[in-house]
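Peer 1: Dropping in model37.cif, which is mmCIF, C-alpha atoms:
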```cif
data_final
loop_
_atom_site.group_PDB
_atom_site.id
_atom_site.type_symbol
_atom_site.label_atom_id
_atom_site.label_comp_id
_atom_site.auth_asym_id
_atom_site.auth_seq_id
_atom_site.Cartn_x
_atom_site.Cartn_y
_atom_site.Cartn_z
ATOM 1 C CA MET F 212 53.977 115.591 120.573
ATOM 2 C CA SER F 213 57.374 116.716 119.418
ATOM 3 C CA PRO F 214 57.849 120.363 118.466
ATOM 4 C CA VAL F 215 58.203 121.164 114.791
ATOM 5 C CA GLY F 216 61.812 120.800 113.610
ATOM 6 C CA ALA F 217 62.892 118.760 116.615
ATOM 7 C CA VAL F 218 64.950 115.629 116.203
ATOM 8 C CA GLU F 219 63.449 112.516 117.751
ATOM 9 C CA VAL F 220 65.966 110.170 119.312
ATOM 10 C CA SER F 221 65.832 106.691 120.668
ATOM 11 C CA PRO F 222 66.532 105.983 124.347
ATOM 12 C CA GLY F 223 70.228 106.239 125.217
ATOM 13 C CA THR F 224 70.955 108.626 122.355
ATOM 14 C CA VAL F 225 71.726 112.302 122.885
ATOM 15 C CA ALA F 226 70.714 114.859 120.293
ATOM 16 C CA VAL F 227 73.606 117.230 119.909
ATOM 17 C CA TYR F 228 71.593 119.944 118.176
ATOM 18 C CA TYR F 229 68.242 120.757 116.649
ATOM 19 C CA GLY F 230 66.970 123.266 114.136
ATOM 20 C CA GLY F 231 64.786 121.502 111.568
ATOM 21 C CA GLY F 232 67.716 119.938 109.706
ATOM 22 C CA LYS F 233 69.859 123.105 109.863
ATOM 23 C CA LEU F 234 72.993 123.213 111.972
ATOM 24 C CA ARG F 235 73.480 126.021 114.384
ATOM 25 C CA ALA F 236 76.271 128.410 113.518
ATOM 26 C CA THR F 237 78.549 127.193 116.302
ATOM 27 C CA GLU F 238 77.954 123.541 115.508
ATOM 28 C CA ARG F 239 78.604 124.119 111.821
ATOM 29 C CA ARG F 240 81.877 125.886 112.551
ATOM 30 C CA LEU F 241 82.959 122.995 114.758
ATOM 31 C CA GLN F 242 82.141 120.481 112.056
ATOM 32 C CA VAL F 243 83.929 122.492 109.365
ATOM 33 C CA ALA F 244 86.969 122.839 111.625
ATOM 34 C CA GLU F 245 87.018 119.104 112.345
ATOM 35 C CA PHE F 246 86.622 118.316 108.649
ATOM 36 C CA ALA F 247 89.521 120.625 107.731
ATOM 37 C CA LEU F 248 91.750 119.151 110.440
ATOM 38 C CA ARG F 249 90.927 115.584 109.409
ATOM 39 C CA CYS F 250 91.787 116.490 105.812
ATOM 40 C CA ALA F 251 95.100 117.997 106.889
ATOM 41 C CA ILE F 252 95.939 114.940 108.989
ATOM 42 C CA THR F 253 95.171 112.617 106.079
ATOM 43 C CA VAL F 254 97.173 114.618 103.536
ATOM 44 C CA PHE F 255 100.210 115.304 105.724
ATOM 45 C CA GLY F 256 100.138 111.765 107.121
ATOM 46 C CA VAL F 257 100.301 110.295 103.623
ATOM 47 C CA LEU F 258 103.061 112.736 102.674
ATOM 48 C CA THR F 259 105.080 111.820 105.749
ATOM 49 C CA ALA F 260 104.751 108.083 105.121
ATOM 50 C CA ALA F 261 105.532 108.472 101.407
ATOM 51 C CA LEU F 262 108.504 110.819 101.788
ATOM 52 C CA THR F 263 110.049 108.913 104.673
ATOM 53 C CA GLY F 264 109.242 105.412 103.423
ATOM 54 C CA SER F 265 110.696 106.017 99.969
ATOM 55 C CA ASN F 266 113.722 107.935 101.210
ATOM 56 C CA SER F 267 117.088 106.422 100.371
ATOM 57 C CA GLN F 268 120.537 107.420 99.166
ATOM 58 C CA THR F 269 123.449 105.373 97.874
ATOM 59 C CA ARG F 270 127.055 106.446 98.276
ATOM 60 C CA GLU F 271 130.311 104.803 97.309
ATOM 61 C CA PHE F 272 133.159 104.479 99.773
ATOM 62 C CA PHE F 273 136.405 103.055 98.411
ATOM 63 C CA SER F 274 134.595 101.117 95.654
ATOM 64 C CA LEU F 275 132.032 99.876 98.194
ATOM 65 C CA GLN F 276 128.452 101.030 97.888
ATOM 66 C CA ARG F 277 126.489 101.817 101.005
ATOM 67 C CA LYS F 278 122.766 102.617 100.856
ATOM 68 C CA ALA F 279 120.965 104.561 103.557
ATOM 69 C CA ARG F 280 117.317 103.573 104.049
ATOM 70 C CA PHE F 281 114.638 104.607 106.496
ATOM 71 C CA THR F 282 114.683 101.058 107.891
ATOM 72 C CA ASP F 283 118.189 101.702 109.208
ATOM 73 C CA MET F 284 116.638 103.939 111.866
ATOM 74 C CA LYS F 285 113.902 102.423 114.048
ATOM 75 C CA ALA F 286 112.477 105.852 114.831
ATOM 76 C CA LEU F 287 111.755 106.408 111.140
ATOM 77 C CA VAL F 288 110.031 103.032 110.882
ATOM 78 C CA PHE F 289 107.887 103.961 113.864
ATOM 79 C CA LEU F 290 107.079 107.307 112.231
ATOM 80 C CA VAL F 291 106.056 105.747 108.911
ATOM 81 C CA VAL F 292 103.785 103.176 110.556
ATOM 82 C CA THR F 293 102.218 105.700 112.932
ATOM 83 C CA THR F 294 101.502 108.378 110.339
ATOM 84 C CA GLY F 295 100.086 105.769 107.966
ATOM 85 C CA VAL F 296 97.700 104.476 110.616
ATOM 86 C CA VAL F 297 96.689 107.991 111.660
ATOM 87 C CA ALA F 298 96.049 108.993 108.045
ATOM 88 C CA GLY F 299 93.835 105.937 107.488
ATOM 89 C CA PHE F 300 91.943 106.581 110.711
ATOM 90 C CA SER F 301 91.337 110.218 109.765
ATOM 91 C CA LEU F 302 90.134 109.191 106.317
ATOM 92 C CA ILE F 303 87.421 107.059 107.927
ATOM 93 C CA HIS F 304 86.369 109.999 110.075
ATOM 94 C CA LEU F 305 86.251 112.221 106.998
ATOM 95 C CA ILE F 306 83.459 110.015 105.676
ATOM 96 C CA ARG F 307 81.612 110.408 108.982
ATOM 97 C CA CYS F 308 82.023 114.191 108.854
ATOM 98 C CA VAL F 309 80.722 114.387 105.291
ATOM 99 C CA LEU F 310 77.662 112.284 106.139
ATOM 100 C CA SER F 311 76.930 114.373 109.219
ATOM 101 C CA MET F 312 77.188 117.640 107.327
ATOM 102 C CA ALA F 313 75.047 116.287 104.498
ATOM 103 C CA LYS F 314 72.286 115.123 106.867
ATOM 104 C CA GLY F 315 72.301 118.443 108.695
ATOM 105 C CA SER F 316 72.104 116.892 112.148
ATOM 106 C CA VAL F 317 74.237 114.736 114.377
ATOM 107 C CA LEU F 318 73.132 112.138 116.872
ATOM 108 C CA LEU F 319 75.781 110.787 119.202
ATOM 109 C CA ASN F 320 75.415 108.187 121.892
ATOM 110 C CA MET F 321 77.785 107.920 124.795
ATOM 111 C CA PRO F 322 79.584 104.728 123.659
ATOM 112 C CA LEU F 323 80.288 106.201 120.203
ATOM 113 C CA ALA F 324 81.507 109.510 121.650
ATOM 114 C CA TRP F 325 83.739 107.658 124.125
ATOM 115 C CA ALA F 326 85.143 105.473 121.315
ATOM 116 C CA ILE F 327 85.998 108.483 119.132
ATOM 117 C CA PHE F 328 87.540 110.326 122.084
ATOM 118 C CA SER F 329 89.614 107.328 123.202
ATOM 119 C CA VAL F 330 90.990 106.537 119.743
ATOM 120 C CA ASP F 331 91.748 110.201 119.036
ATOM 121 C CA GLN F 332 93.662 110.412 122.303
ATOM 122 C CA ALA F 333 95.622 107.254 121.482
ATOM 123 C CA MET F 334 96.472 108.528 118.002
ATOM 124 C CA ALA F 335 97.586 111.883 119.395
ATOM 125 C CA TYR F 336 99.923 110.238 121.914
ATOM 126 C CA LEU F 337 101.310 107.843 119.297
ATOM 127 C CA THR F 338 101.996 110.663 116.864
ATOM 128 C CA LEU F 339 103.638 112.758 119.564
ATOM 129 C CA ALA F 340 105.853 109.826 120.578
ATOM 130 C CA ALA F 341 106.838 109.092 116.971
ATOM 131 C CA VAL F 342 107.663 112.730 116.222
ATOM 132 C CA SER F 343 109.674 113.101 119.445
ATOM 133 C CA ALA F 344 111.719 109.961 118.743
ATOM 134 C CA THR F 345 112.361 111.017 115.146
ATOM 135 C CA MET F 346 113.425 114.519 116.153
ATOM 136 C CA GLN F 347 115.894 113.106 118.664
ATOM 137 C CA ALA F 348 117.355 110.749 116.062
ATOM 138 C CA SER F 349 117.496 113.578 113.518
ATOM 139 C CA VAL F 350 119.439 115.813 115.883
ATOM 140 C CA LEU F 351 121.966 113.042 116.486
ATOM 141 C CA GLY F 352 122.313 112.521 112.760
ATOM 142 C CA LYS F 353 122.765 116.256 112.200
ATOM 143 C CA VAL F 354 125.229 117.185 114.954
ATOM 144 C CA GLY F 355 126.556 113.770 115.972
ATOM 145 C CA GLN F 356 127.753 112.830 119.455
ATOM 146 C CA PRO F 357 131.515 113.368 119.836
ATOM 147 C CA GLU F 358 131.580 111.922 123.362
ATOM 148 C CA LEU F 359 130.377 108.584 121.981
ATOM 149 C CA GLN F 360 132.325 108.961 118.713
ATOM 150 C CA TRP F 361 129.104 109.120 116.676
ATOM 151 C CA MET F 362 129.643 110.757 113.295
ATOM 152 C CA LYS F 363 127.513 113.444 111.674
ATOM 153 C CA ILE F 364 125.668 111.122 109.330
ATOM 154 C CA CYS F 365 124.035 114.013 107.490
ATOM 155 C CA ASP F 366 127.463 115.127 106.268
ATOM 156 C CA LEU F 367 127.690 111.827 104.382
ATOM 157 C CA TYR F 368 124.043 111.488 103.306
ATOM 158 C CA ALA F 369 122.939 115.085 102.772
ATOM 159 C CA LYS F 370 120.166 114.242 100.297
ATOM 160 C CA PHE F 371 118.729 111.602 102.604
ATOM 161 C CA CYS F 372 118.658 114.019 105.534
ATOM 162 C CA LYS F 373 117.102 116.895 103.572
ATOM 163 C CA ARG F 374 114.236 114.732 102.379
ATOM 164 C CA GLY F 375 113.866 113.375 105.893
ATOM 165 C CA GLU F 376 113.557 116.927 107.200
ATOM 166 C CA VAL F 377 110.621 117.586 104.867
ATOM 167 C CA GLY F 378 108.915 114.424 106.076
ATOM 168 C CA LEU F 379 109.533 115.430 109.685
ATOM 169 C CA VAL F 380 107.941 118.844 109.121
ATOM 170 C CA CYS F 381 104.849 117.124 107.715
ATOM 171 C CA ALA F 382 104.829 114.815 110.743
ATOM 172 C CA VAL F 383 104.937 117.790 113.111
ATOM 173 C CA LEU F 384 101.898 119.254 111.329
ATOM 174 C CA VAL F 385 100.117 115.928 111.709
ATOM 175 C CA CYS F 386 100.909 115.939 115.421
ATOM 176 C CA ILE F 387 99.588 119.483 115.928
ATOM 177 C CA CYS F 388 96.378 118.749 114.020
ATOM 178 C CA MET F 389 95.876 115.447 115.861
ATOM 179 C CA VAL F 390 96.236 117.078 119.271
ATOM 180 C CA THR F 391 93.703 119.735 118.241
ATOM 181 C CA VAL F 392 91.254 117.112 117.000
ATOM 182 C CA SER F 393 91.585 115.122 120.214
ATOM 183 C CA SER F 394 90.717 118.284 122.164
ATOM 184 C CA MET F 395 87.612 118.746 120.008
ATOM 185 C CA SER F 396 86.646 115.115 120.607
ATOM 186 C CA ALA F 397 86.909 115.704 124.342
ATOM 187 C CA PHE F 398 84.655 118.759 124.025
ATOM 188 C CA ASN F 399 82.105 116.840 121.938
ATOM 189 C CA LEU F 400 82.065 114.036 124.511
ATOM 190 C CA PHE F 401 81.725 116.009 127.720
ATOM 191 C CA ARG F 402 79.082 118.376 126.401
ATOM 192 C CA LEU F 403 76.797 115.373 125.965
ATOM 193 C CA TYR F 404 76.695 115.022 129.737
ATOM 194 C CA GLY F 405 75.530 118.606 130.054
ATOM 195 C CA LYS F 406 72.788 118.061 127.500
ATOM 196 C CA SER F 407 71.710 114.870 129.235
ATOM 197 C CA LYS F 408 71.387 116.691 132.555
ATOM 198 C CA GLY F 409 69.492 119.492 130.860
ATOM 199 C CA SER F 410 67.045 117.052 129.299
ATOM 200 C CA LYS F 411 66.419 115.331 132.652
ATOM 201 C CA SER F 412 65.791 118.636 134.435
ATOM 202 C CA ASN F 413 63.344 119.733 131.713
ATOM 203 C CA ASP F 414 61.457 116.439 131.962
ATOM 204 C CA SER F 415 61.158 116.706 135.735
ATOM 205 C CA THR F 416 59.915 120.298 135.452
ATOM 206 C CA THR F 417 57.239 119.606 132.854
ATOM 207 C CA SER F 418 55.967 116.371 134.399
ATOM 208 C CA TRP F 419 52.830 116.567 136.581
#
```
Would you mind giving the structure from this file in structure tokens?
Peer 2:
Amino acid sequence: MSPVGAVEVSPGTVAVYYGGGKLRATERRLQVAEFALRCAITVFGVLTAALTGSNSQTREFFSLQRKARFTDMKALVFLVVTTGVVAGFSLIHLIRCVLSMAKGSVLLNMPLAWAIFSVDQAMAYLTLAAVSATMQASVLGKVGQPELQWMKICDLYAKFCKRGEVGLVCAVLVCICMVTVSSMSAFNLFRLYGKSKGSKSNDSTTSW
């Protein structure tokens, strides 16, 4: 018979915690932290995509109008697409976090934990690559490159660059939160192996 308050699981599924429907203090803090980080990623990801994607400025040079758009810089396009995808992915995980917290218990199997870990890692690397490329392009636009006769574009499109800086700050926050979440996913995955070994050792001890 199962002890009172224990969670019964099917074969191949690892119970992350017990407690009669109540989360342990450590597990609850982890879930709250993940929920907060997923919220931050969603909000700042949407802000980055919106601010960068809608950023433009038109200037007139000798009766000719020239409009600066985010599509003129491939790094910005990469940033908009990446942050949009990351925000959508985090929104899906927010639903999972809410359901887990509402049920009061979490059951994870190895394939699901590996899938979450792998996608979180991929999203973290993509975000880091997009932010790095955008920062490099932003520095060139800010200070120019005299050796290659590249102008300081931000001197001509100051409004465009200032709004781009705000979007880049939001993207950096997304990157930091995403790296933290991927670390938590790694912790949630590898602790399942410890619990599996503990369950096997308990079974071998109590069997006669």
Peer 1: Using the chain letters and numbers from the file, which residues does the PyMOL selection byres ((chain F and resi 366) around 12) grab, as a PyMOL selection string?
Peer 2: chain F and resi 270+351-355+362-365+367-373
Peer 1: Quick one: residues within 12 Å of range 335-344 of chain F, all atoms listed in the file, excluding same-chain residues fewer than 4 positions away - as a PDB file with C-alpha atoms, in the frame of the given file?
Peer 2:
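The result, written out as around_9.pdb:
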```
ATOM      1  CA  ILE F 252      95.939 114.940 108.989  1.00  0.00           C
ATOM      2  CA  GLY F 256     100.138 111.765 107.121  1.00  0.00           C
ATOM      3  CA  THR F 259     105.080 111.820 105.749  1.00  0.00           C
ATOM      4  CA  MET F 284     116.638 103.939 111.866  1.00  0.00           C
ATOM      5  CA  LYS F 285     113.902 102.423 114.048  1.00  0.00           C
ATOM      6  CA  ALA F 286     112.477 105.852 114.831  1.00  0.00           C
ATOM      7  CA  LEU F 287     111.755 106.408 111.140  1.00  0.00           C
ATOM      8  CA  VAL F 288     110.031 103.032 110.882  1.00  0.00           C
ATOM      9  CA  PHE F 289     107.887 103.961 113.864  1.00  0.00           C
ATOM     10  CA  LEU F 290     107.079 107.307 112.231  1.00  0.00           C
ATOM     11  CA  VAL F 291     106.056 105.747 108.911  1.00  0.00           C
ATOM     12  CA  VAL F 292     103.785 103.176 110.556  1.00  0.00           C
ATOM     13  CA  THR F 293     102.218 105.700 112.932  1.00  0.00           C
ATOM     14  CA  THR F 294     101.502 108.378 110.339  1.00  0.00           C
ATOM     15  CA  GLY F 295     100.086 105.769 107.966  1.00  0.00           C
ATOM     16  CA  VAL F 296      97.700 104.476 110.616  1.00  0.00           C
ATOM     17  CA  VAL F 297      96.689 107.991 111.660  1.00  0.00           C
ATOM     18  CA  ALA F 298      96.049 108.993 108.045  1.00  0.00           C
ATOM     19  CA  PHE F 300      91.943 106.581 110.711  1.00  0.00           C
ATOM     20  CA  SER F 301      91.337 110.218 109.765  1.00  0.00           C
ATOM     21  CA  PHE F 328      87.540 110.326 122.084  1.00  0.00           C
ATOM     22  CA  SER F 329      89.614 107.328 123.202  1.00  0.00           C
ATOM     23  CA  VAL F 330      90.990 106.537 119.743  1.00  0.00           C
ATOM     24  CA  ASP F 331      91.748 110.201 119.036  1.00  0.00           C
ATOM     25  CA  ALA F 348     117.355 110.749 116.062  1.00  0.00           C
ATOM     26  CA  SER F 349     117.496 113.578 113.518  1.00  0.00           C
ATOM     27  CA  VAL F 350     119.439 115.813 115.883  1.00  0.00           C
ATOM     28  CA  LEU F 351     121.966 113.042 116.486  1.00  0.00           C
ATOM     29  CA  GLU F 376     113.557 116.927 107.200  1.00  0.00           C
ATOM     30  CA  GLY F 378     108.915 114.424 106.076  1.00  0.00           C
ATOM     31  CA  LEU F 379     109.533 115.430 109.685  1.00  0.00           C
ATOM     32  CA  VAL F 380     107.941 118.844 109.121  1.00  0.00           C
ATOM     33  CA  CYS F 381     104.849 117.124 107.715  1.00  0.00           C
ATOM     34  CA  ALA F 382     104.829 114.815 110.743  1.00  0.00           C
ATOM     35  CA  VAL F 383     104.937 117.790 113.111  1.00  0.00           C
ATOM     36  CA  LEU F 384     101.898 119.254 111.329  1.00  0.00           C
ATOM     37  CA  VAL F 385     100.117 115.928 111.709  1.00  0.00           C
ATOM     38  CA  CYS F 386     100.909 115.939 115.421  1.00  0.00           C
ATOM     39  CA  ILE F 387      99.588 119.483 115.928  1.00  0.00           C
ATOM     40  CA  CYS F 388      96.378 118.749 114.020  1.00  0.00           C
ATOM     41  CA  MET F 389      95.876 115.447 115.861  1.00  0.00           C
ATOM     42  CA  VAL F 390      96.236 117.078 119.271  1.00  0.00           C
ATOM     43  CA  THR F 391      93.703 119.735 118.241  1.00  0.00           C
ATOM     44  CA  VAL F 392      91.254 117.112 117.000  1.00  0.00           C
ATOM     45  CA  SER F 393      91.585 115.122 120.214  1.00  0.00           C
ATOM     46  CA  SER F 394      90.717 118.284 122.164  1.00  0.00           C
ATOM     47  CA  SER F 396      86.646 115.115 120.607  1.00  0.00           C
TER      48      SER F 396
END
```
Peer 1: Suppose you want the space between CA of Ile306 in chain F and CA of Ala260 in chain F; what is it in Å?
Peer 2: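 Those two atoms sit 21.4 Å apart.
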Peer 1: How many Å lie between CA of Arg239 in chain F and CA of Ala326 in chain F, rounded to one decimal?
Peer 2: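 If I compute the distance from CA of Arg239 in chain F to CA of Ala326 in chain F, I get 21.9 Å.
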Peer 1: Which protein, DNA or RNA residues have an atom at most 10 Å from (115.6, 102.3, 104.9), counting all atoms listed in the file? List them as an NGL selection string.
Peer 2: :F and (263-268 or 278-285 or 287-288)
Peer 1: One decimal, in Å: what's the spacing between CA of Arg249 in chain F and CA of Tyr404 in chain F?
Peer 2: 24.8 Å
